[in-house]
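Participant: Here it is: the structure, laid out below.
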Amino acid sequence: MDILVTGTVLGGTYALIALGLTLQYGVARIMNLANGENLVLACFCAFWLYTATSINPIFGIALIAPVAFVLNWAIYAYAMKPLVDRARDPGQLEIDSILATFGLMFIMQGIMLLVFGGEYFSYNFLSEPVRIFGENYGLNRIVALCAAGAIAVALYLFLYRTRQGTAVRAVSVNPSSASLVAIDVPRISAFAFALGGALTAAGGALLSTFYTFNASMGVIFTMKALIIVIMGGVGDVRGAVLAALLLGLAETAVATLIDPGLTMAATYTLFLLVLLFRPQGIFGRQTS
Amino acid sequence: MIALKEKEWRVAGVAILLFGVAAMIPFADDGYYLSLAVNIVMYVVLCTAWTLFSGPTHYISLATAAFFGMGTYSVGLGIDSLPFPLLIGIGALAGGVLAGLVGMATLRLSGVYFVIFTLGLAELVRQVVTWLQVKFVGAVGLYVFTELNETHIFWMLLALAAAVFLAGWLISRSRLGFAMRIIGNDETVARHVGIDVARSKVILFTVSGAFIAAAGAILAPRFAYVEPPSAFNPVISFQVVIMALLGGTGRLWAPLLGVVPFTILFDRISASFPNHTSLLIGVAFMAVVYFLPRGVIGLVEDFLARHRKRDLARGRHISEAVE
C-alpha cells in the first residue's frame, strides 16, 4: 500500500515531465536533452518564490509555467528553428538537435551552478502528515499528485477537445499531411515545444515541494523522461502517463523492497524490456 | 603480407616519426607538461576509438565512461593478485563484452534509443558496482598501488594510441570497413546488398569499447584510489563526444585536431575557473553544431579544396601564356 501511494505520487510528477518531452519530441521533432535543466530551473524558481515572497508553489505554477512557455518559445525560435530549416533529413535533425540541446543543457547547468553552487536545496511546504488507508503520508506529496492530475486532465481536454489541440495531434502524426489541411506546421511546432517546456516547468515546481534538488541533477530527470516517452510510444499522451506511473511504482518498489541504490537499475531493466519486446511503445503500432 | 602503396608508406613513415618524437616528451619534462601530455594521449585514444564506431555509423555513443570505468575497475579489483598487463587485457575484454551486449540490445533500433541508453549506461553500471561492493565487500573504494609512474603510463597510452590507429587503418581496408562505409551512406542500400547491418555495427562497437576500457585500465594506477563516482565519471563521455566532433569524424586522425586544443583549453579553464567548465562544454557543443558541423577537418578540407582550385586556375594561366 505504501509503495502504491508513494509510487503513484512519484509517477504523477514524472508524467508531467514526460508529457512535456513527448510534446517536444513527438510534435516539434526536437529531442530536447535540456528538458531536465528546465525542470531544475523551475525547482529553483519555486524555491525562490516561496522563500523570498512566500508565494505558495502550487500558485507559483501560474507564474512559472507562462515564463517557461515564453522561454521555450524563444529557444525554439532562435536555437532550434535554424536546425530544422537546415536539416536535409530527419536523421540529420535528430543528431543536430541532440547535440544542440546538449549544449543548452551544459550552459543552463553551468549558469545554475554559478548562481546557486552545487549544494542541495529544499524547503518546507505543507510537510504535515495525512492518514490514508491507515498510513501516514506527507500532505505536500498528495497535493502535488492532485495538481499533477489536474494539469494532465487539462492537457488531455485541450488536445482532444479543441481545434488547436487537434492541430497539435495532427502534426504529431504527419507534418506534411497536416500542412495540406491548412495547419501552420512551423507555428504549431513552436507552440508544442513551448507548451512542453511549460508542462515540464510545472512538474518541476511540484517536485520541489517534496524533493531535495541541486543544480546538476537535471540529466537524471531528462533520462527518466526519455525512457518514459519511449516506453509510452513517442507522441502518445496516454502511453506517457501510463509509463510514468509504471516507472514511479517500479522505482519505489525496488527502493523499498530491495535497495534504494538500485532505482536506476530498475528503470533500466524496464527500459530494456520495452526495447527488446515493444520498441514501438505500450500503445504504439508497428510502423515499418 | 600487405602490400602498401607509396603514399601509404609515406604516411606510415610520418606517423612513426611523430610517435617517436612524442615518446621523447618524458625526457624533456616530467611535471606539468608530462601530465598534460598524458591527458592529451588519453583523449586521443578515447576519441579515436569513439570515432571508429561513431564516424561511419553517425550513432552518438555516450557510453565511454562506462567502458572506461570497467577498465579502471578491472585493475582495481585484480591488482593485488594478477600482473598488470594481464589486467589490461581483462579490462579490455570486460569493456568489449559490455559493448557487445549493449550493441545487441540497442543497435537494431533507431539512433535516439541508442543515445538514451548509452546516456545512462555509466550511471547504471556505477549503481550496480556500488551496490555489489557495499553488499559483498563492505567497502566502496579500492586502492591501486603500483610501481608505475606517469612516464610508464604515458608510454603505455602512446602504444595503445598506435594500436588504435593501426586497428582503424586495418578495419578501413577490410570487408568490415567497406561494409561500414556503405552503411554510413545509406543503411537501406546496405541491407539490400546483403550486408548484416546489425552484426557489423555490434562488432565495431565491441572493438571501440574494448579500446576505451584498455585506456581506463592503463590509467588506473594514476588514480591510486578508485571509487565508482570517479571511475564512471559521465563528464568523460561528453568530453569525448565534443572533442571528436570538434575535430571531425570523417577521417581516422581527424579527432586529433579537436583533442589537442580542447584538452589544453579545458586544462587552463578548469585550473583557473573550476566552476565554468560545464559552461565551456556547453558553448563548445553549440559552436560545433552551428558553426563547425563537419569539425575542424571540414575547415581544413575546404581550405585545401579552394587552394587546389586556385592552383589549377593559375596553372592554366601559365600554360596559356606559354603557348
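Letters for chains follow the order of the C-alpha cells (A, B, ...), residue numbers begin at 1 for each chain, and ligand numbers begin at 1 in the order shown.
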Could you please select, counting only C-alpha atoms, the residues of chain A within 9 Å of chain B and state them as a VMD selection string?
Facilitator: chain A and resid 31 82 to 83 91 94 to 111 113 to 114 117 220 223 226 to 227 230 259 261 to 265 268 271 to 272 275 to 276 279
Participant: Please, could you write that set of residues out with N, CA and C atoms as a short mmCIF file (atom, residue, chain, number, x, y, z; two decimals), in the first residue's frame?
Facilitator:
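See result_11.cif below for the written result:
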data_model
loop_
_atom_site.label_atom_id
_atom_site.label_comp_id
_atom_site.auth_asym_id
_atom_site.auth_seq_id
_atom_site.Cartn_x
_atom_site.Cartn_y
_atom_site.Cartn_z
N MET A 31 14.48 16.38 -29.96
CA MET A 31 14.82 15.60 -28.79
C MET A 31 15.52 16.55 -27.83
N PRO A 82 16.65 27.23 -36.83
CA PRO A 82 17.71 27.15 -37.86
C PRO A 82 18.11 25.72 -38.17
N LEU A 83 18.09 24.87 -37.15
CA LEU A 83 18.46 23.46 -37.36
C LEU A 83 17.38 22.75 -38.17
N GLY A 91 17.03 12.23 -39.80
CA GLY A 91 18.19 11.74 -39.06
C GLY A 91 19.15 12.87 -38.73
N GLU A 94 17.75 14.98 -36.01
CA GLU A 94 17.85 14.28 -34.74
C GLU A 94 19.22 14.49 -34.12
N ILE A 95 20.27 14.25 -34.91
CA ILE A 95 21.63 14.39 -34.38
C ILE A 95 21.91 15.84 -34.01
N ASP A 96 21.55 16.78 -34.90
CA ASP A 96 21.81 18.19 -34.61
C ASP A 96 21.08 18.64 -33.36
N SER A 97 19.80 18.24 -33.23
CA SER A 97 19.05 18.72 -32.07
C SER A 97 19.59 18.09 -30.79
N ILE A 98 20.02 16.84 -30.86
CA ILE A 98 20.60 16.22 -29.68
C ILE A 98 21.85 16.99 -29.24
N LEU A 99 22.71 17.29 -30.20
CA LEU A 99 23.95 17.98 -29.85
C LEU A 99 23.68 19.40 -29.36
N ALA A 100 22.77 20.11 -30.04
CA ALA A 100 22.49 21.49 -29.63
C ALA A 100 21.87 21.54 -28.25
N THR A 101 20.95 20.59 -27.96
CA THR A 101 20.34 20.64 -26.64
C THR A 101 21.29 20.14 -25.56
N PHE A 102 22.26 19.33 -25.95
CA PHE A 102 23.34 19.00 -25.00
C PHE A 102 24.05 20.29 -24.61
N GLY A 103 24.35 21.11 -25.62
CA GLY A 103 25.00 22.38 -25.37
C GLY A 103 24.17 23.22 -24.43
N LEU A 104 22.88 23.28 -24.72
CA LEU A 104 21.95 24.05 -23.90
C LEU A 104 21.94 23.53 -22.47
N MET A 105 21.93 22.20 -22.36
CA MET A 105 21.92 21.56 -21.05
C MET A 105 23.12 22.00 -20.22
N PHE A 106 24.31 21.92 -20.84
CA PHE A 106 25.51 22.29 -20.09
C PHE A 106 25.52 23.78 -19.77
N ILE A 107 25.02 24.61 -20.69
CA ILE A 107 25.03 26.05 -20.43
C ILE A 107 24.09 26.38 -19.28
N MET A 108 22.87 25.81 -19.31
CA MET A 108 21.93 26.08 -18.23
C MET A 108 22.48 25.57 -16.90
N GLN A 109 23.04 24.36 -16.96
CA GLN A 109 23.60 23.77 -15.74
C GLN A 109 24.75 24.63 -15.22
N GLY A 110 25.60 25.10 -16.15
CA GLY A 110 26.73 25.93 -15.76
C GLY A 110 26.27 27.21 -15.08
N ILE A 111 25.23 27.82 -15.65
CA ILE A 111 24.74 29.08 -15.07
C ILE A 111 24.15 28.83 -13.69
N LEU A 113 24.89 26.43 -11.66
CA LEU A 113 25.98 26.14 -10.72
C LEU A 113 26.65 27.42 -10.25
N LEU A 114 26.81 28.37 -11.18
CA LEU A 114 27.44 29.64 -10.80
C LEU A 114 26.56 30.41 -9.82
N GLY A 117 25.50 27.35 -6.80
CA GLY A 117 26.52 26.43 -6.28
C GLY A 117 26.01 25.00 -6.36
N ILE A 220 19.48 13.42 -14.86
CA ILE A 220 18.80 12.19 -14.42
C ILE A 220 17.32 12.25 -14.77
N MET A 223 16.79 11.81 -18.45
CA MET A 223 16.90 10.40 -18.82
C MET A 223 15.62 9.64 -18.51
N LEU A 226 12.97 10.62 -20.95
CA LEU A 226 13.19 9.99 -22.26
C LEU A 226 12.73 8.55 -22.24
N ILE A 227 13.08 7.86 -21.17
CA ILE A 227 12.71 6.45 -21.08
C ILE A 227 11.19 6.30 -21.05
N ILE A 230 9.70 6.92 -24.51
CA ILE A 230 9.88 5.79 -25.42
C ILE A 230 9.02 4.61 -25.01
N ASP A 259 16.78 -2.33 -2.57
CA ASP A 259 17.83 -1.41 -2.12
C ASP A 259 17.62 -0.05 -2.78
N GLY A 261 19.68 2.04 -3.59
CA GLY A 261 20.75 2.33 -4.53
C GLY A 261 20.50 1.76 -5.92
N LEU A 262 19.43 1.01 -6.07
CA LEU A 262 19.23 0.31 -7.35
C LEU A 262 18.07 0.84 -8.18
N THR A 263 17.58 2.05 -7.88
CA THR A 263 16.43 2.57 -8.63
C THR A 263 16.74 2.69 -10.11
N MET A 264 17.97 3.12 -10.39
CA MET A 264 18.38 3.30 -11.77
C MET A 264 18.37 1.96 -12.50
N ALA A 265 18.82 0.93 -11.81
CA ALA A 265 18.84 -0.40 -12.40
C ALA A 265 17.41 -0.84 -12.72
N TYR A 268 16.24 0.94 -15.78
CA TYR A 268 16.89 0.41 -16.98
C TYR A 268 16.37 -0.95 -17.38
N PHE A 271 13.24 -0.37 -19.17
CA PHE A 271 13.54 0.21 -20.48
C PHE A 271 14.03 -0.86 -21.45
N LEU A 272 14.92 -1.70 -20.93
CA LEU A 272 15.49 -2.74 -21.78
C LEU A 272 14.41 -3.72 -22.24
N LEU A 275 12.47 -2.07 -24.93
CA LEU A 275 13.24 -2.02 -26.17
C LEU A 275 13.26 -3.36 -26.87
N LEU A 276 13.38 -4.42 -26.07
CA LEU A 276 13.52 -5.74 -26.68
C LEU A 276 12.18 -6.26 -27.20
N PRO A 279 9.46 -2.12 -28.97
CA PRO A 279 10.18 -0.88 -29.23
C PRO A 279 9.26 0.25 -29.71
#
Participant: Can you list every residue in segment 16-192 of chain A that DSSP puts in helix (DSSP H, G or I), as a ChimeraX atom specification?
Facilitator: /A:16-26,35-53,57-86,90-116,139-161,163-173,175-180,185-192
Participant: Applying 9 Å and only C-alpha atoms, which residues near segment 167-174 of chain A remain after dropping the ones on its own chain fewer than 3 positions away? List them as a ChimeraX atom specification.
Facilitator: /A:23,25-29,159-160,162-164,177-179,183-185,188-189,191-192,235
Participant: Quick one: residues within 6 Å of segment 58-74 of chain A, only C-alpha atoms counted, chain neighbours fewer than 4 positions away excluded, as number ranges by chain?
Facilitator: A: 78, 194-195, 197-198, 201-202
Participant: Take the residues just selected and output them with N, CA, C and O atoms as a PDB file, in the first residue's frame.
Facilitator:
ATOM      1  N   TYR A  78      14.880  30.715 -31.813  1.00  0.00           N
ATOM      2  CA  TYR A  78      16.234  31.183 -32.105  1.00  0.00           C
ATOM      3  C   TYR A  78      17.275  30.079 -32.210  1.00  0.00           C
ATOM      4  O   TYR A  78      18.256  30.223 -32.929  1.00  0.00           O
ATOM      5  N   ALA A 194       6.965  25.004 -26.827  1.00  0.00           N
ATOM      6  CA  ALA A 194       6.807  25.917 -25.693  1.00  0.00           C
ATOM      7  C   ALA A 194       5.887  25.312 -24.638  1.00  0.00           C
ATOM      8  O   ALA A 194       6.165  25.373 -23.439  1.00  0.00           O
ATOM      9  N   LEU A 195       4.800  24.676 -25.094  1.00  0.00           N
ATOM     10  CA  LEU A 195       3.864  24.059 -24.153  1.00  0.00           C
ATOM     11  C   LEU A 195       4.552  22.932 -23.390  1.00  0.00           C
ATOM     12  O   LEU A 195       4.373  22.780 -22.180  1.00  0.00           O
ATOM     13  N   GLY A 197       7.688  22.747 -22.676  1.00  0.00           N
ATOM     14  CA  GLY A 197       8.563  23.368 -21.687  1.00  0.00           C
ATOM     15  C   GLY A 197       7.772  23.824 -20.473  1.00  0.00           C
ATOM     16  O   GLY A 197       8.204  23.642 -19.323  1.00  0.00           O
ATOM     17  N   ALA A 198       6.577  24.387 -20.707  1.00  0.00           N
ATOM     18  CA  ALA A 198       5.748  24.875 -19.607  1.00  0.00           C
ATOM     19  C   ALA A 198       5.294  23.712 -18.720  1.00  0.00           C
ATOM     20  O   ALA A 198       5.304  23.811 -17.492  1.00  0.00           O
ATOM     21  N   ALA A 201       8.135  22.554 -16.593  1.00  0.00           N
ATOM     22  CA  ALA A 201       8.381  23.508 -15.514  1.00  0.00           C
ATOM     23  C   ALA A 201       7.344  23.326 -14.408  1.00  0.00           C
ATOM     24  O   ALA A 201       7.679  23.377 -13.215  1.00  0.00           O
ATOM     25  N   ALA A 202       6.097  23.083 -14.794  1.00  0.00           N
ATOM     26  CA  ALA A 202       5.059  22.851 -13.790  1.00  0.00           C
ATOM     27  C   ALA A 202       5.415  21.610 -12.965  1.00  0.00           C
ATOM     28  O   ALA A 202       5.294  21.611 -11.734  1.00  0.00           O
TER      29      ALA A 202
END
Participant: Quick one: pick out all strand (DSSP E or B) residues within segment 49-243 of chain A from a backbone DSSP run and write them as a list of chain:residue names.
Facilitator: A:Phe121, A:Pro129, A:Val130, A:Arg131, A:Ile132, A:Glu135, A:Asn136, A:Tyr137, A:Gly138, A:Phe213
Participant: Please save N, CA and C atoms of the selected residues as a PDB file, in the first residue's frame.
Facilitator:
ATOM      1  N   PHE A 121      19.140  21.827  -2.192  1.00  0.00           N
ATOM      2  CA  PHE A 121      18.152  22.765  -1.679  1.00  0.00           C
ATOM      3  C   PHE A 121      16.855  22.033  -1.384  1.00  0.00           C
ATOM      4  N   PRO A 129       1.561  15.429   8.163  1.00  0.00           N
ATOM      5  CA  PRO A 129       1.102  14.113   7.717  1.00  0.00           C
ATOM      6  C   PRO A 129      -0.412  14.058   7.480  1.00  0.00           C
ATOM      7  N   VAL A 130      -0.800  13.250   6.511  1.00  0.00           N
ATOM      8  CA  VAL A 130      -2.212  12.900   6.356  1.00  0.00           C
ATOM      9  C   VAL A 130      -2.328  11.386   6.449  1.00  0.00           C
ATOM     10  N   ARG A 131      -3.482  10.918   6.920  1.00  0.00           N
ATOM     11  CA  ARG A 131      -3.678   9.471   7.047  1.00  0.00           C
ATOM     12  C   ARG A 131      -4.490   8.962   5.863  1.00  0.00           C
ATOM     13  N   ILE A 132      -3.896   8.018   5.110  1.00  0.00           N
ATOM     14  CA  ILE A 132      -4.640   7.368   4.040  1.00  0.00           C
ATOM     15  C   ILE A 132      -4.500   5.872   4.239  1.00  0.00           C
ATOM     16  N   GLU A 135      -2.116   4.695   6.949  1.00  0.00           N
ATOM     17  CA  GLU A 135      -0.686   5.028   6.969  1.00  0.00           C
ATOM     18  C   GLU A 135      -0.506   6.526   6.791  1.00  0.00           C
ATOM     19  N   ASN A 136       0.642   7.047   7.249  1.00  0.00           N
ATOM     20  CA  ASN A 136       0.870   8.479   7.151  1.00  0.00           C
ATOM     21  C   ASN A 136       1.634   8.845   5.883  1.00  0.00           C
ATOM     22  N   TYR A 137       1.194   9.913   5.219  1.00  0.00           N
ATOM     23  CA  TYR A 137       1.910  10.420   4.054  1.00  0.00           C
ATOM     24  C   TYR A 137       2.051  11.925   4.188  1.00  0.00           C
ATOM     25  N   GLY A 138       3.100  12.493   3.559  1.00  0.00           N
ATOM     26  CA  GLY A 138       3.259  13.942   3.567  1.00  0.00           C
ATOM     27  C   GLY A 138       2.130  14.574   2.756  1.00  0.00           C
ATOM     28  N   PHE A 213      16.712  19.072  -4.216  1.00  0.00           N
ATOM     29  CA  PHE A 213      17.267  19.212  -5.574  1.00  0.00           C
ATOM     30  C   PHE A 213      18.571  20.002  -5.546  1.00  0.00           C
TER      31      PHE A 213
END
Participant: Let me make sure I understand: among A:Phe158, A:Tyr14, A:Phe210, A:Phe277, which one has the smallest atom-to-atom distance to Ala46 of chain A if we use only C-alpha atoms?
Facilitator: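 Nearest to Ala46 of chain A: A:Phe210.
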Participant: Would you work out the distance separating atom CA of Thr48 of chain B from atom CA of Arg294 of chain B, expressed in Å to one decimal?
Facilitator: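 Rounded to one decimal, the two atoms are 15.8 Å apart.
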